file run.pdb (PDB, C-alpha atoms)
ATOM      1  CA  MET A  15       3.483  -1.201  14.106
ATOM      2  CA  ALA A  16       6.428   0.181  12.130
ATOM      3  CA  THR A  17       8.051  -3.248  12.107
ATOM      4  CA  LYS A  18       4.870  -4.841  10.739
ATOM      5  CA  ALA A  19       4.599  -2.195   8.020
ATOM      6  CA  LYS A  20       8.231  -2.706   7.043
ATOM      7  CA  SER A  21       7.709  -6.473   6.944
ATOM      8  CA  CYS A  22       4.679  -6.046   4.674
ATOM      9  CA  VAL A  23       6.598  -3.782   2.295
ATOM     10  CA  GLN A  24       9.232  -6.464   1.829
ATOM     11  CA  ARG A  25       6.486  -8.775   0.538
ATOM     12  CA  LEU A  26       5.509  -6.334  -2.236
ATOM     13  CA  SER A  27       6.944  -6.355  -5.744
ATOM     14  CA  GLU A  28       8.222  -3.074  -7.183
ATOM     15  CA  SER A  29       4.986  -2.555  -9.116
ATOM     16  CA  GLU A  30       2.915  -3.259  -5.983
ATOM     17  CA  GLN A  31       5.044  -0.754  -4.073
ATOM     18  CA  ALA A  32       4.334   1.786  -6.814
ATOM     19  CA  SER A  33       0.599   1.125  -6.395
ATOM     20  CA  LEU A  34       0.894   1.713  -2.645
ATOM     21  CA  LYS A  35       2.757   4.982  -3.256
ATOM     22  CA  LYS A  36       0.082   6.086  -5.712
ATOM     23  CA  LEU A  37      -2.689   5.152  -3.296
ATOM     24  CA  CYS A  38      -1.085   7.151  -0.484
ATOM     25  CA  SER A  39      -0.232  10.193  -2.596
ATOM     26  CA  THR A  40      -3.503  10.695  -4.484
ATOM     27  CA  ALA A  41      -7.122  10.701  -3.481
ATOM     28  CA  CYS A  42      -7.963   8.365  -6.354
ATOM     29  CA  SER A  43      -7.367   4.630  -6.555
ATOM     30  CA  ARG A  44      -8.078   4.489 -10.297
ATOM     31  CA  GLY A  45      -5.351   2.729 -12.218
ATOM     32  CA  ILE A  46      -4.365   0.409  -9.376
ATOM     33  CA  PRO A  47      -4.641  -3.162 -10.685
ATOM     34  CA  ASP A  48      -7.164  -5.379  -8.919
ATOM     35  CA  ASP A  49      -4.510  -7.919  -7.928
ATOM     36  CA  HIS A  50      -2.420  -5.159  -6.315
ATOM     37  CA  ALA A  51      -5.466  -3.829  -4.465
ATOM     38  CA  GLU A  52      -6.290  -7.315  -3.214
ATOM     39  CA  LYS A  53      -2.755  -7.903  -1.931
ATOM     40  CA  LEU A  54      -2.616  -4.486  -0.237
ATOM     41  CA  ILE A  55      -5.930  -5.236   1.486
ATOM     42  CA  ASN A  56      -4.805  -8.728   2.541
ATOM     43  CA  LEU A  57      -1.611  -7.301   4.048
ATOM     44  CA  GLY A  58      -3.572  -4.639   5.925
ATOM     45  CA  LEU A  59      -2.006  -1.784   3.958
ATOM     46  CA  ALA A  60      -5.273  -0.703   2.309
ATOM     47  CA  GLU A  61      -8.990  -0.899   2.984
ATOM     48  CA  VAL A  62     -12.227  -0.206   1.186
ATOM     49  CA  ASN A  63     -14.062   2.761   2.672
ATOM     50  CA  CYS A  64     -17.242   4.198   1.170
ATOM     51  CA  GLY A  65     -16.696   2.047  -1.918
ATOM     52  CA  ASP A  66     -13.192   3.339  -2.644
ATOM     53  CA  LEU A  67      -9.759   1.942  -1.865
ATOM     54  CA  GLY A  68      -7.660   3.914   0.593
ATOM     55  CA  PRO A  69      -4.517   3.387   2.649
ATOM     56  CA  THR A  70      -4.629   2.277   6.271
ATOM     57  CA  GLY A  71      -2.345   3.718   8.930
ATOM     58  CA  ALA A  72      -0.022   0.770   8.355
ATOM     59  CA  GLY A  73      -0.096   1.514   4.620
ATOM     60  CA  ARG A  74       0.975   5.107   5.226
ATOM     61  CA  MET A  75       3.786   3.919   7.524
ATOM     62  CA  ALA A  76       4.888   1.408   4.915
ATOM     63  CA  MET A  77       4.959   4.134   2.276
ATOM     64  CA  ARG A  78       7.112   6.324   4.518
ATOM     65  CA  SER A  79       9.550   3.434   4.963
ATOM     66  CA  LEU A  80       9.757   3.151   1.159
ATOM     67  CA  GLN A  81      10.621   6.830   0.844
ATOM     68  CA  VAL A  82      13.512   6.470   3.313
ATOM     69  CA  HIS A  83      15.232   3.824   1.159
TER      70      HIS A  83
END

call {"tool": "encode", "arguments": {"input": "run.pdb", "output": "structure tokens"}}
result
Amino acid sequence: MATKAKSCVQRLSESEQASLKKLCSTACSRGIPDDHAEKLINLGLAEVNCGDLGPTGAGRMAMRSLQVH
């Protein structure tokens, strides 16, 4: 799964990576652009749960790989 997460991160622009970091570090998805949210969902890095956007396990792994670099 770590390889998939790393592969997905490489497909994100810097601003999309910032949105993923924000999503993983705060309980609020406000301020994340709709197009970023859509791409994160399509890549399996985020999901809608109870009407709010949140990170998936793969999204959290991807964020950790961003912090290493």

call {"tool": "resolve_selection", "arguments": {"input": "run.pdb", "expression": "the PyMOL selection byres ((chain A and resi 64-73) around 8)", "output": "list of chain:residue names"}}
result
A:Met15, A:Ala16, A:Lys18, A:Ala19, A:Leu34, A:Leu37, A:Cys38, A:Ala41, A:Ser43, A:Ala51, A:Gly58, A:Leu59, A:Ala60, A:Glu61, A:Val62, A:Asn63, A:Arg74, A:Met75, A:Ala76, A:Met77

call {"tool": "axis_aligned_box", "arguments": {"input": "run.pdb", "around": "segment 40-52 of chain A", "padding_each_side": "5 Å", "output": "JSON"}}
result
{"center_x": -5.2, "center_y": 1.4, "center_z": -7.7, "size_x": 15.7, "size_y": 28.6, "size_z": 19.0}

call {"tool": "resolve_selection", "arguments": {"input": "run.pdb", "expression": "the PyMOL selection byres ((chain A and resi 25-33) around 9)", "output": "VMD selection string"}}
result
chain A and resid 21 to 24 34 to 38 43 45 to 47 49 to 51 53 to 54 57 77 80
